[in-house]
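Enquirer: Pasting final.cif here (mmCIF, C-alpha atoms):
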data_final
#
loop_
_atom_site.label_atom_id
_atom_site.label_comp_id
_atom_site.auth_asym_id
_atom_site.auth_seq_id
_atom_site.Cartn_x
_atom_site.Cartn_y
_atom_site.Cartn_z
CA MET Z 119 66.32 -8.35 23.33
CA ALA Z 120 66.43 -5.04 21.44
CA LEU Z 121 63.79 -4.50 18.77
CA ASP Z 122 64.59 -4.01 15.11
CA TYR Z 123 62.39 -0.99 14.56
CA TYR Z 124 62.47 -1.32 10.78
CA ALA Z 125 61.34 -4.93 11.06
CA VAL Z 126 58.58 -3.91 13.49
CA LEU Z 127 57.16 -1.53 10.87
CA GLY Z 128 57.82 -4.00 8.06
CA VAL Z 129 59.98 -1.65 5.98
CA LYS Z 130 63.54 -1.61 4.69
CA LYS Z 131 66.24 0.47 6.32
CA GLU Z 132 66.28 2.69 3.24
CA ALA Z 133 62.54 3.48 3.57
CA THR Z 134 61.51 7.08 3.03
CA ALA Z 135 59.81 9.11 5.71
CA ASP Z 136 56.52 8.78 3.80
CA GLU Z 137 56.86 4.98 3.64
CA LEU Z 138 57.52 4.89 7.37
CA ARG Z 139 54.47 7.02 8.08
CA LYS Z 140 52.20 4.82 5.91
CA ALA Z 141 53.47 1.65 7.55
CA TYR Z 142 52.94 3.13 11.01
CA LYS Z 143 49.38 4.23 10.21
CA LYS Z 144 48.48 0.81 8.79
CA LEU Z 145 49.84 -1.17 11.73
CA SER Z 146 48.32 1.21 14.28
CA ARG Z 147 44.90 0.73 12.75
CA GLU Z 148 45.23 -3.04 12.58
CA ASN Z 149 46.44 -3.53 16.15
CA HIS Z 150 44.72 -0.74 18.07
CA PRO Z 151 43.22 -2.02 21.38
CA ASP Z 152 39.82 -0.52 20.50
CA ARG Z 153 39.75 -2.63 17.36
CA LYS Z 154 41.14 -5.80 18.93
CA PRO Z 155 40.09 -5.77 22.58
CA ASN Z 156 41.45 -8.50 24.86
CA ASP Z 157 44.05 -9.46 22.23
CA SER Z 158 47.37 -9.51 24.05
CA ALA Z 159 49.40 -10.16 20.90
CA ALA Z 160 47.83 -7.17 19.14
CA ALA Z 161 48.36 -5.01 22.23
CA GLU Z 162 52.05 -5.92 22.32
CA LYS Z 163 52.40 -5.27 18.60
CA PHE Z 164 50.68 -1.90 19.00
CA LYS Z 165 53.15 -1.01 21.76
CA GLN Z 166 56.12 -2.01 19.61
CA VAL Z 167 54.80 -0.01 16.66
CA GLN Z 168 54.49 3.11 18.82
CA GLU Z 169 58.03 2.62 20.12
CA ALA Z 170 59.39 2.14 16.61
CA TRP Z 171 57.61 5.21 15.30
CA ASP Z 172 58.75 7.34 18.21
CA VAL Z 173 62.30 6.67 17.09
CA LEU Z 174 62.08 6.36 13.31
CA GLY Z 175 59.49 9.11 12.96
CA ASP Z 176 61.97 11.63 14.36
CA ALA Z 177 64.78 12.45 11.93
CA THR Z 178 67.37 13.02 14.69
CA LYS Z 179 66.47 9.88 16.60
CA ARG Z 180 66.46 7.84 13.41
CA GLN Z 181 69.96 9.06 12.56
CA GLN Z 182 71.16 8.06 16.03
CA TYR Z 183 69.38 4.68 15.77
CA ASP Z 184 71.01 4.02 12.41
CA GLN Z 185 74.37 4.90 13.94
CA PHE Z 186 74.16 3.04 17.25
CA GLY Z 187 71.82 0.19 16.29
CA SER Z 188 70.56 -1.96 19.18
CA ALA Z 189 72.33 0.29 21.69
CA PHE Z 190 69.67 2.88 20.90
CA GLY Z 191 66.47 1.95 22.74
CA PRO Z 192 63.95 3.11 25.32
CA ASN Z 193 66.46 2.58 28.10
CA GLY Z 194 69.56 3.65 26.22
CA PRO Z 195 71.43 6.87 26.92
CA GLN Z 196 70.70 8.31 23.51
CA PHE Z 197 66.97 7.82 24.01
CA ARG Z 198 66.99 9.54 27.38
CA GLN Z 199 69.17 12.30 26.03
CA GLY Z 200 66.77 12.77 23.13
CA GLN Z 201 63.89 13.19 25.57
CA ARG Z 202 65.80 15.79 27.56
CA ARG Z 203 66.50 17.66 24.34
CA GLY Z 204 62.81 17.76 23.53
CA GLY Z 205 62.49 14.50 21.55
CA ALA Z 206 59.32 13.22 20.02
CA GLY Z 207 57.78 11.94 23.28
CA PRO Z 208 54.12 10.84 23.22
CA VAL Z 209 52.61 10.62 19.76
CA ASP Z 210 50.16 13.36 18.72
CA PHE Z 211 47.57 11.42 16.73
CA ARG Z 212 45.97 14.61 15.42
CA GLU Z 213 49.28 15.82 14.00
CA MET Z 214 50.17 12.37 12.70
CA PHE Z 215 47.01 12.01 10.62
CA GLY Z 216 46.86 15.62 9.59
CA GLY Z 217 44.87 18.65 10.68
CA ASN Z 218 41.30 18.18 11.86
CA VAL Z 219 40.79 14.58 10.73
CA ASP Z 220 38.33 12.60 12.90
CA LEU Z 221 40.01 9.39 14.04
CA GLY Z 222 36.57 7.87 14.62
CA ASP Z 223 36.14 8.00 10.83
CA LEU Z 224 39.75 7.09 10.10
CA PHE Z 225 39.60 3.88 12.15
CA GLY Z 226 36.17 2.90 10.77
CA GLY Z 227 34.21 3.77 13.90
CA MET Z 228 36.19 1.43 16.15
CA PHE Z 229 36.48 4.09 18.83
CA GLY Z 230 32.69 4.26 19.21
CA GLY Z 231 30.54 7.39 19.06
CA GLY Z 232 29.09 9.84 21.51
CA ALA Z 233 30.57 11.16 24.69
CA GLY Z 234 31.90 7.75 25.74
CA GLY Z 235 33.93 7.19 22.55
CA SER Z 236 37.54 7.90 21.70
CA PRO Z 237 39.17 11.00 23.12
CA PHE Z 238 40.84 11.65 19.77
CA GLY Z 239 37.86 12.76 17.61
CA SER Z 240 36.17 16.06 18.34
CA GLN Z 241 32.58 15.97 19.58
CA ALA Z 242 31.59 18.46 16.91
CA GLY Z 243 33.02 16.13 14.26
CA ARG Z 244 31.06 13.19 15.63
CA ARG Z 245 27.83 15.18 15.70
CA GLY Z 246 28.34 16.28 12.10
CA ARG Z 247 29.16 12.82 10.76
CA ALA Z 248 26.73 11.40 8.18
CA ALA Z 249 24.41 8.81 9.72
CA GLN Z 250 21.41 6.84 8.53
CA GLY Z 251 18.01 7.96 9.80
CA GLU Z 252 16.10 5.85 12.31
CA THR Z 253 13.62 3.14 11.35
CA ILE Z 254 10.01 4.00 12.17
CA GLU Z 255 7.01 1.68 12.51
CA ALA Z 256 3.35 1.92 11.56
CA GLU Z 257 0.28 -0.35 11.42
CA ILE Z 258 -2.49 -0.52 8.85
CA GLU Z 259 -5.72 -2.52 8.65
CA ILE Z 260 -6.42 -3.76 5.15
CA PRO Z 261 -9.49 -5.42 3.61
CA PHE Z 262 -9.58 -9.22 3.57
CA VAL Z 263 -9.53 -9.40 -0.24
CA VAL Z 264 -6.52 -7.06 -0.51
CA ALA Z 265 -4.63 -9.28 1.93
CA THR Z 266 -5.38 -12.45 -0.02
CA GLU Z 267 -5.23 -11.19 -3.60
CA GLY Z 268 -2.75 -8.31 -3.22
CA GLY Z 269 -3.17 -4.66 -4.15
CA THR Z 270 -2.39 -1.27 -2.63
CA HIS Z 271 -3.49 0.50 0.50
CA ASP Z 272 -2.94 4.10 1.59
CA LEU Z 273 -1.06 4.91 4.78
CA GLN Z 274 -1.14 8.32 6.45
CA LEU Z 275 2.03 9.07 8.44
CA ASP Z 276 1.70 11.68 11.19
CA GLY Z 277 4.53 11.82 13.67
CA ALA Z 278 8.19 10.86 14.02
CA GLY Z 279 9.01 13.80 11.76
CA LYS Z 280 6.89 12.40 8.91
CA HIS Z 281 3.66 13.98 7.62
CA GLU Z 282 2.69 12.41 4.32
CA ARG Z 283 0.44 9.85 2.63
CA LEU Z 284 2.03 6.74 1.16
CA SER Z 285 0.61 4.05 -1.08
CA VAL Z 286 1.74 0.67 0.29
CA LYS Z 287 2.00 -2.23 -2.14
CA ILE Z 288 0.47 -5.35 -0.57
CA PRO Z 289 1.73 -8.70 -1.91
CA PRO Z 290 -0.82 -11.56 -2.25
CA GLY Z 291 -1.18 -13.87 0.72
CA VAL Z 292 -0.22 -11.57 3.61
CA SER Z 293 -1.80 -12.19 6.99
CA THR Z 294 -2.22 -10.38 10.28
CA GLY Z 295 1.23 -9.78 11.77
CA SER Z 296 3.03 -9.66 8.41
CA VAL Z 297 5.57 -6.81 8.16
CA ILE Z 298 6.30 -4.90 4.97
CA ARG Z 299 9.57 -2.91 4.80
CA LEU Z 300 9.57 0.33 2.83
CA ALA Z 301 13.21 1.25 2.28
CA GLY Z 302 14.10 4.92 2.68
CA GLN Z 303 10.68 5.93 4.03
CA GLY Z 304 11.81 6.33 7.64
CA GLN Z 305 13.33 9.35 9.34
CA ALA Z 306 15.72 11.51 7.35
CA GLY Z 307 19.44 10.86 7.75
CA ARG Z 308 21.89 13.20 9.47
CA GLY Z 309 24.68 15.01 7.70
CA GLY Z 310 23.60 13.82 4.28
CA GLY Z 311 23.21 10.19 5.37
CA PRO Z 312 20.47 7.95 3.91
CA ALA Z 313 16.96 7.90 5.31
CA GLY Z 314 15.85 5.04 7.54
CA ASP Z 315 13.20 2.45 6.70
CA LEU Z 316 9.50 2.24 7.46
CA LEU Z 317 8.17 -1.05 8.87
CA VAL Z 318 4.46 -1.51 8.24
CA THR Z 319 2.67 -4.18 10.31
CA ILE Z 320 -0.42 -5.65 8.66
CA LYS Z 321 -3.77 -6.24 10.34
CA VAL Z 322 -6.36 -8.00 8.17
CA ALA Z 323 -10.02 -7.03 8.57
CA PRO Z 324 -12.47 -9.96 8.85
CA HIS Z 325 -14.59 -10.99 5.87
CA SER Z 326 -18.37 -11.19 6.05
CA TYR Z 327 -18.48 -14.89 5.12
CA PHE Z 328 -14.99 -16.20 4.28
CA ARG Z 329 -12.51 -17.19 6.98
CA ARG Z 330 -8.92 -18.23 6.52
CA GLU Z 331 -6.73 -21.05 7.80
CA GLY Z 332 -3.24 -20.64 6.36
CA SER Z 333 -3.63 -20.77 2.58
CA ASP Z 334 -7.10 -22.36 2.77
CA LEU Z 335 -10.45 -20.62 2.85
CA LEU Z 336 -13.64 -21.86 4.50
CA ILE Z 337 -17.22 -20.80 3.90
CA ASP Z 338 -20.35 -22.03 5.70
CA VAL Z 339 -23.15 -23.04 3.32
CA PRO Z 340 -26.61 -23.65 4.86
CA ILE Z 341 -28.85 -26.34 3.34
CA THR Z 342 -32.25 -27.76 4.26
CA VAL Z 343 -33.02 -31.21 5.64
CA SER Z 344 -34.49 -32.37 2.37
CA GLU Z 345 -31.45 -31.04 0.42
CA ALA Z 346 -29.14 -32.90 2.76
CA ALA Z 347 -31.17 -36.10 2.47
CA LEU Z 348 -31.85 -36.07 -1.26
CA GLY Z 349 -28.83 -34.13 -2.51
CA THR Z 350 -28.85 -30.87 -4.46
CA LYS Z 351 -26.80 -28.29 -6.31
CA VAL Z 352 -26.03 -24.94 -4.69
CA GLU Z 353 -24.27 -21.79 -5.86
CA VAL Z 354 -21.22 -20.93 -3.75
CA PRO Z 355 -19.12 -17.71 -3.97
CA THR Z 356 -15.36 -17.91 -4.49
CA LEU Z 357 -12.83 -15.23 -3.61
CA ALA Z 358 -11.33 -14.55 -7.03
CA GLU Z 359 -13.45 -16.35 -9.65
CA GLY Z 360 -17.02 -15.41 -8.81
CA PRO Z 361 -19.81 -17.93 -7.94
CA MET Z 362 -19.50 -21.66 -8.68
CA VAL Z 363 -22.11 -24.45 -8.63
CA VAL Z 364 -21.31 -27.17 -6.08
CA THR Z 365 -23.01 -30.58 -5.94
CA ILE Z 366 -24.18 -31.70 -2.51
CA PRO Z 367 -24.33 -35.53 -2.46
CA PRO Z 368 -27.44 -37.25 -0.98
CA GLY Z 369 -27.10 -38.02 2.70
CA THR Z 370 -24.67 -35.19 3.43
CA SER Z 371 -24.48 -34.41 7.14
CA SER Z 372 -24.10 -31.04 8.78
CA GLY Z 373 -20.41 -30.19 9.28
CA ALA Z 374 -19.25 -32.08 6.18
CA LYS Z 375 -16.58 -30.30 4.11
CA LEU Z 376 -16.51 -30.27 0.33
CA ARG Z 377 -13.15 -29.20 -1.15
CA LEU Z 378 -12.72 -26.95 -4.15
CA ARG Z 379 -9.05 -27.32 -5.14
CA GLY Z 380 -6.99 -24.23 -5.92
CA LYS Z 381 -9.69 -21.75 -4.91
CA GLY Z 382 -7.97 -20.57 -1.75
CA VAL Z 383 -5.26 -17.99 -0.93
CA PRO Z 384 -1.92 -17.70 -2.82
CA ASN Z 385 1.04 -18.98 -0.81
CA GLN Z 386 3.55 -16.15 -0.28
CA LYS Z 387 6.55 -18.39 -1.00
CA THR Z 388 5.32 -20.62 -3.82
CA GLY Z 389 2.44 -18.60 -5.27
CA ALA Z 390 0.30 -21.76 -5.39
CA ARG Z 391 -3.24 -21.34 -4.13
CA GLY Z 392 -4.70 -23.29 -1.25
CA ASP Z 393 -8.18 -24.83 -1.31
CA LEU Z 394 -11.68 -23.57 -0.58
CA TYR Z 395 -13.72 -25.73 1.79
CA VAL Z 396 -17.52 -25.61 1.63
CA VAL Z 397 -18.70 -26.40 5.17
CA ILE Z 398 -22.26 -27.79 5.20
CA LYS Z 399 -24.61 -26.38 7.81
CA LEU Z 400 -27.97 -28.14 8.13
CA VAL Z 401 -30.68 -25.59 8.91
CA LEU Z 402 -34.26 -26.28 10.00
CA PRO Z 403 -37.16 -23.88 9.58
CA PRO Z 404 -37.55 -21.68 12.68
CA LYS Z 405 -41.16 -22.90 13.03
CA LEU Z 406 -42.92 -26.10 11.91
CA ASP Z 407 -46.56 -26.04 10.90
CA ALA Z 408 -48.82 -29.02 11.58
CA ALA Z 409 -48.39 -30.57 8.13
CA THR Z 410 -44.58 -30.34 8.23
CA ARG Z 411 -44.46 -31.79 11.74
CA GLU Z 412 -46.59 -34.75 10.57
CA LEU Z 413 -44.15 -35.39 7.72
CA PHE Z 414 -41.16 -35.47 10.08
CA GLU Z 415 -43.03 -37.84 12.39
CA ARG Z 416 -43.73 -40.20 9.52
CA ILE Z 417 -40.05 -40.06 8.46
CA ALA Z 418 -38.96 -40.90 12.01
CA VAL Z 419 -41.20 -43.97 12.02
CA ALA Z 420 -40.41 -45.06 8.47
CA ALA Z 421 -36.63 -44.60 8.69
CA PRO Z 422 -35.52 -44.82 12.31
CA TYR Z 423 -31.88 -43.84 12.78
CA ASP Z 424 -29.87 -43.00 15.90
CA PRO Z 425 -26.63 -41.14 14.96
CA ARG Z 426 -25.39 -41.38 18.56
CA ILE Z 427 -25.08 -45.18 18.63
CA GLY Z 428 -21.50 -46.06 19.50
CA LEU Z 429 -20.49 -42.41 19.62
CA TRP Z 430 -19.82 -42.22 23.35
#
Using structure tokens, write down the structure that the file contains.

Expert:
Amino acid sequence: MALDYYAVLGVKKEATADELRKAYKKLSRENHPDRKPNDSAAAEKFKQVQEAWDVLGDATKRQQYDQFGSAFGPNGPQFRQGQRRGGAGPVDFREMFGGNVDLGDLFGGMFGGGAGGSPFGSQAGRRGRAAQGETIEAEIEIPFVVATEGGTHDLQLDGAGKHERLSVKIPPGVSTGSVIRLAGQGQAGRGGGPAGDLLVTIKVAPHSYFRREGSDLLIDVPITVSEAALGTKVEVPTLAEGPMVVTIPPGTSSGAKLRLRGKGVPNQKTGARGDLYVVIKLVLPPKLDAATRELFERIAVAAPYDPRIGLW
């Protein structure tokens, strides 16, 4: 069945040459095999569009098509005669879209870049096209307090085309392995394109006495045997509020944890602080003199207690 070339391009028979050209460009973009791979319907439509343009895009062929109608087609005598007279033949995409236009840009990059891309765009055009710079990566080690409370830390970039010192803003609550993205601090773009990003991976230095578990902090607090037995009050450091006095109840065993609510690390999502756990460590004198030894012996006799009963 012969094609209605005007219907293929979606225009009226009275369409101007400019309207025909616009319709052809639009349909070629939409149905090009590079844009819709493995789409048989689009491939067939693309073929029909090329056939319709080959006829209607040539003033002489269009006049003959308007005169002979369906008798004018790829296999018709007028079509073959037109080819022998030097008809339109294969479409010159460069001429169709004007001058030195890069079809890679025109079709939104659907032809791909580099040497393996479309044969239509010039290699020089592809090399000169604006492109975003590459993302680069760096790692910094920050103090424990900066990681938990937030702050800034300097980063010296040397390499990947970058030689400068940056001040990195550290949000509260980051941990080892956290990544901070600095937009536009990567490699410079090509052809006026935007710069890439810088990805900074965080490594947190250990603290001298605090350790961290998620949003909670832990600190070991040594006490004596008598303090554990009789109870006491001890001064304990906190991360952000200075020292606090903590009450140790009588009979507290080594390893017990006393919780100080809201004295931990800010949660990155909620901003709420975790808790600080005071971990009791019972510490004996390194050496016992005769008098102290006698006291412990009397305690053992007066208050016998086996903490291992039933444990195993």

Enquirer: Please determine, counting all atoms listed in the file, which residue among Z:Thr319, Z:Asn156, Z:Ser333, Z:Ser326 has the shortest atom-to-atom distance to Gly392 in chain Z.

Expert: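 Checking each candidate against Gly392 in chain Z, we get Z:Ser333 as the closest.
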
Enquirer: Would you mind telling me which residue in Z:Arg180, Z:Lys321, Z:Lys399, Z:Lys163 lies nearest to Val126 in chain Z when using only C-alpha atoms?

Expert: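 Of Z:Arg180, Z:Lys321, Z:Lys399, Z:Lys163, the one nearest Val126 in chain Z, counting only C-alpha atoms, is Z:Lys163.
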
Enquirer: Which residue is closest to Asp334 in chain Z? Choose from Z:Gln185, Z:Thr356, Z:Ser285, Z:Gln305 and count all atoms listed in the file.

Expert: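 Closest to Asp334 in chain Z, using all atoms listed in the file: Z:Thr356.
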
Enquirer: Report as an mmCIF file with C-alpha atoms, keeping the file's coordinate frame all protein, DNA and RNA residues lying within 10 Å of range 348-352 of chain Z, evaluated on all atoms listed in the file, omitting residues in the same chain fewer than 2 positions from it.

Expert:
data_model
loop_
_atom_site.group_PDB
_atom_site.id
_atom_site.type_symbol
_atom_site.label_atom_id
_atom_site.label_comp_id
_atom_site.auth_asym_id
_atom_site.auth_seq_id
_atom_site.Cartn_x
_atom_site.Cartn_y
_atom_site.Cartn_z
ATOM 1 C CA VAL Z 339 -23.150 -23.040 3.320
ATOM 2 C CA PRO Z 340 -26.610 -23.650 4.860
ATOM 3 C CA ILE Z 341 -28.850 -26.340 3.340
ATOM 4 C CA THR Z 342 -32.250 -27.760 4.260
ATOM 5 C CA VAL Z 343 -33.020 -31.210 5.640
ATOM 6 C CA SER Z 344 -34.490 -32.370 2.370
ATOM 7 C CA GLU Z 345 -31.450 -31.040 0.420
ATOM 8 C CA ALA Z 346 -29.140 -32.900 2.760
ATOM 9 C CA VAL Z 354 -21.220 -20.930 -3.750
ATOM 10 C CA PRO Z 361 -19.810 -17.930 -7.940
ATOM 11 C CA MET Z 362 -19.500 -21.660 -8.680
ATOM 12 C CA VAL Z 363 -22.110 -24.450 -8.630
ATOM 13 C CA VAL Z 364 -21.310 -27.170 -6.080
ATOM 14 C CA THR Z 365 -23.010 -30.580 -5.940
ATOM 15 C CA ILE Z 366 -24.180 -31.700 -2.510
ATOM 16 C CA PRO Z 367 -24.330 -35.530 -2.460
ATOM 17 C CA PRO Z 368 -27.440 -37.250 -0.980
ATOM 18 C CA GLY Z 369 -27.100 -38.020 2.700
ATOM 19 C CA THR Z 370 -24.670 -35.190 3.430
#

Enquirer: Using the chain letters and numbers from the file, which residues does the PyMOL selection byres ((chain Z and resi 287) around 6) grab, as a PyMOL selection string?

Expert: chain Z and resi 270+286+288

Enquirer: Please indicate the distance in Å from CA of Leu400 in chain Z to CA of Arg416 in chain Z, rounded to one decimal place.

Expert: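 Taking CA of Leu400 in chain Z and CA of Arg416 in chain Z, their separation equals 19.9 Å.
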
Enquirer: Please, what distance in Å, to one decimal, runs between CA of Asp176 in chain Z and CA of Glu162 in chain Z?

Expert: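 Separation between CA of Asp176 in chain Z and CA of Glu162 in chain Z: 21.7 Å.
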
Enquirer: Might you spell out which residues the PyMOL selection byres ((chain Z and resi 257) around 8) would select in the displayed file, as a ChimeraX atom specification?

Expert: /Z:255-256,258-259,318-321

Enquirer: Can you tell me how far CA of Leu300 in chain Z sits from CA of Thr388 in chain Z, in Å to one decimal?

Expert: 22.4 Å

Enquirer: Could you tell me which of Z:Phe164, Z:Ala248, Z:Ala159, Z:Leu376 comes closest to Arg147 in chain Z if we count all atoms listed in the file?

Expert: Z:Phe164

Enquirer: Once the PyMOL selection byres ((chain Z and resi 135) around 12) is applied to the coordinates I shared, what remains selected? I want it as a PDB file with C-alpha atoms, keeping the file's coordinate frame.

Expert:
ATOM      1  CA  TYR Z 124      62.470  -1.320  10.780  1.00  0.00           C
ATOM      2  CA  VAL Z 129      59.980  -1.650   5.980  1.00  0.00           C
ATOM      3  CA  LYS Z 130      63.540  -1.610   4.690  1.00  0.00           C
ATOM      4  CA  LYS Z 131      66.240   0.470   6.320  1.00  0.00           C
ATOM      5  CA  GLU Z 132      66.280   2.690   3.240  1.00  0.00           C
ATOM      6  CA  ALA Z 133      62.540   3.480   3.570  1.00  0.00           C
ATOM      7  CA  THR Z 134      61.510   7.080   3.030  1.00  0.00           C
ATOM      8  CA  ASP Z 136      56.520   8.780   3.800  1.00  0.00           C
ATOM      9  CA  GLU Z 137      56.860   4.980   3.640  1.00  0.00           C
ATOM     10  CA  LEU Z 138      57.520   4.890   7.370  1.00  0.00           C
ATOM     11  CA  ARG Z 139      54.470   7.020   8.080  1.00  0.00           C
ATOM     12  CA  LYS Z 140      52.200   4.820   5.910  1.00  0.00           C
ATOM     13  CA  ALA Z 141      53.470   1.650   7.550  1.00  0.00           C
ATOM     14  CA  TYR Z 142      52.940   3.130  11.010  1.00  0.00           C
ATOM     15  CA  TRP Z 171      57.610   5.210  15.300  1.00  0.00           C
ATOM     16  CA  VAL Z 173      62.300   6.670  17.090  1.00  0.00           C
ATOM     17  CA  LEU Z 174      62.080   6.360  13.310  1.00  0.00           C
ATOM     18  CA  GLY Z 175      59.490   9.110  12.960  1.00  0.00           C
ATOM     19  CA  ASP Z 176      61.970  11.630  14.360  1.00  0.00           C
ATOM     20  CA  ALA Z 177      64.780  12.450  11.930  1.00  0.00           C
ATOM     21  CA  ARG Z 180      66.460   7.840  13.410  1.00  0.00           C
TER      22      ARG Z 180
END

Enquirer: Which is closest to Leu336 in chain Z among Z:Ser371, Z:Val396, Z:Pro289, Z:Ala301, if we use only C-alpha atoms?

Expert: Z:Val396

Enquirer: Given the choices Z:Gly187, Z:Gly304, Z:Gly332, Z:Gly291, which gets closest to Leu275 in chain Z if the distance is worked out from only C-alpha atoms?

Expert: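 Comparing Z:Gly187, Z:Gly304, Z:Gly332, Z:Gly291 against Leu275 in chain Z, the winner is Z:Gly304.
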
Enquirer: Hey, what's within 12 Å of Gly302 in chain Z if we count all atoms listed in the file and toss same-chain stuff fewer than 5 positions away? As a list in words, please?

Expert: Gln250, Gly251, Glu252, Thr253, Ile254, Gly307, Gly311, Pro312, Ala313, Gly314, Asp315, Leu316 and Leu317 of chain Z
